[in-house]
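Trainee: First the structure, then my questions, so here it is.
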Amino acid sequence: MAPVKVFGPVMSTNVARVVVCLEEVGAEYEMVDIDFKVMEHKSPEHLARNPFGQIPAFQDGDLLLFESRAISKYVLRKYKTEEVDLLREGDLAEAAMVDVWTEVDAQTYNPAISPIVYECLINPMMRGIPTNDKVVAESLEKLTKVLEVYEARLAKSKYLAGDFFSFADLNHFPYTFYFMGTPHAALFDSFPHVKAWWETIMARPAVQRMAAKMVPNKA
């Protein structure tokens, strides 16, 4: 059976979301780079995979998918085992909680943390754009409020959806990993349950392998 293909640079947060899921389930996969400098993401070939000209795109035989969370769920369903069941779809209540906190990541956590990553890392290092301190300050205020909710939740359960690791937790990896490389990583020290939760995520072998792929000098 041919390996599935993931189109896009592994350092991209959305690409990393898919690849860390593939690492968790132990699936064979092939990375296909997309060269943004020559606008390859807007080429007819890539638009056939992702009509919005974005990354990632994903191919499994004749099946083409886009949108990282949808791709990730496909991966977790296809390769589900008793040992790796991150969607918990066999239990209605557990699956619902996974969905709830997956949505929280997408709609609340991600919009608060991602501008900090862009302003502190991506813009100055990759685009030559200086950090906008006002955007960072506003985003840190939002993130602090989000983490207050997470702290209360994680004081009651080891993971977001319950006392089991799930896709809801794994979703938080890409942006949080990069956030920890900014000058503001110490924010998590103010939230002991959140910090312990993050350290548990980072201790997973699949996550460690993924982290090494996302940092060039560790590759």
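In the structure tokens, the first chain shown is A, the next is B, and so on; residue numbers restart at 1 for each chain, and ligands run from 1 in the order shown.
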Extract the full set of alpha helix (DSSP H) residues from region 20-206 of chain A according to DSSP on the backbone, and format it as a PyMOL selection string.
Mentor: chain A and resi 20-25+44-47+68-78+92-104+110-117+133-154+167-170+173-179+192-202+205-206
Trainee: Find the spatial neighbours of Gly181 (chain A), counting only C-alpha atoms, within a cut-off of 9 Å - ignore same-chain residues fewer than 5 positions away - and output them as a ChimeraX atom specification.
Mentor: /A:117,120-121,176
Trainee: Excluding region 12-28 of chain A and residues on its chain fewer than 6 positions from it, collect all residues at most 7 Å away from it, counting only C-alpha atoms, and give them as an mmCIF file with C-alpha atoms, in the first residue's frame.
Mentor:
data_model
loop_
_atom_site.group_PDB
_atom_site.id
_atom_site.type_symbol
_atom_site.label_atom_id
_atom_site.label_comp_id
_atom_site.auth_asym_id
_atom_site.auth_seq_id
_atom_site.Cartn_x
_atom_site.Cartn_y
_atom_site.Cartn_z
ATOM 1 C CA PRO A 3 1.982 5.874 1.800
ATOM 2 C CA VAL A 4 -0.359 8.814 2.138
ATOM 3 C CA ILE A 55 -1.732 24.113 2.890
ATOM 4 C CA PRO A 56 -1.928 21.362 3.785
ATOM 5 C CA SER A 68 -5.958 20.285 8.578
ATOM 6 C CA ILE A 71 -7.505 15.603 7.415
ATOM 7 C CA SER A 72 -6.420 14.805 10.956
ATOM 8 C CA VAL A 75 -6.167 9.900 9.721
ATOM 9 C CA LEU A 76 -7.310 9.144 13.264
ATOM 10 C CA TYR A 79 -5.671 4.152 11.659
ATOM 11 C CA VAL A 84 -4.619 4.883 19.669
ATOM 12 C CA ASN A 171 -4.597 20.082 18.326
ATOM 13 C CA PRO A 174 1.754 23.263 16.836
ATOM 14 C CA TYR A 175 1.086 26.823 17.988
ATOM 15 C CA ALA A 206 5.206 11.128 18.603
ATOM 16 C CA VAL A 207 5.199 14.756 19.709
ATOM 17 C CA MET A 210 7.374 16.025 15.460
#
Trainee: Would you mind listing what lies within 6 Å of region 86-93 of chain A as a count of residues only, with only C-alpha atoms counted and same-chain residues fewer than 3 positions away left out?
Mentor: 3
Trainee: So which one's closest to Gly53 (chain A), A:Met39, A:Ala70, A:Ala196, A:Ile116? Using only C-alpha atoms, please.
Mentor: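 With only C-alpha atoms as the atom set, the closest residue is A:Met39.
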Trainee: Which distance in Å separates CA of Pro183 (chain A) and CA of Met125 (chain A), to one decimal?
Mentor: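 One can read the CA of Pro183 (chain A) to CA of Met125 (chain A) distance as 14.0 Å.
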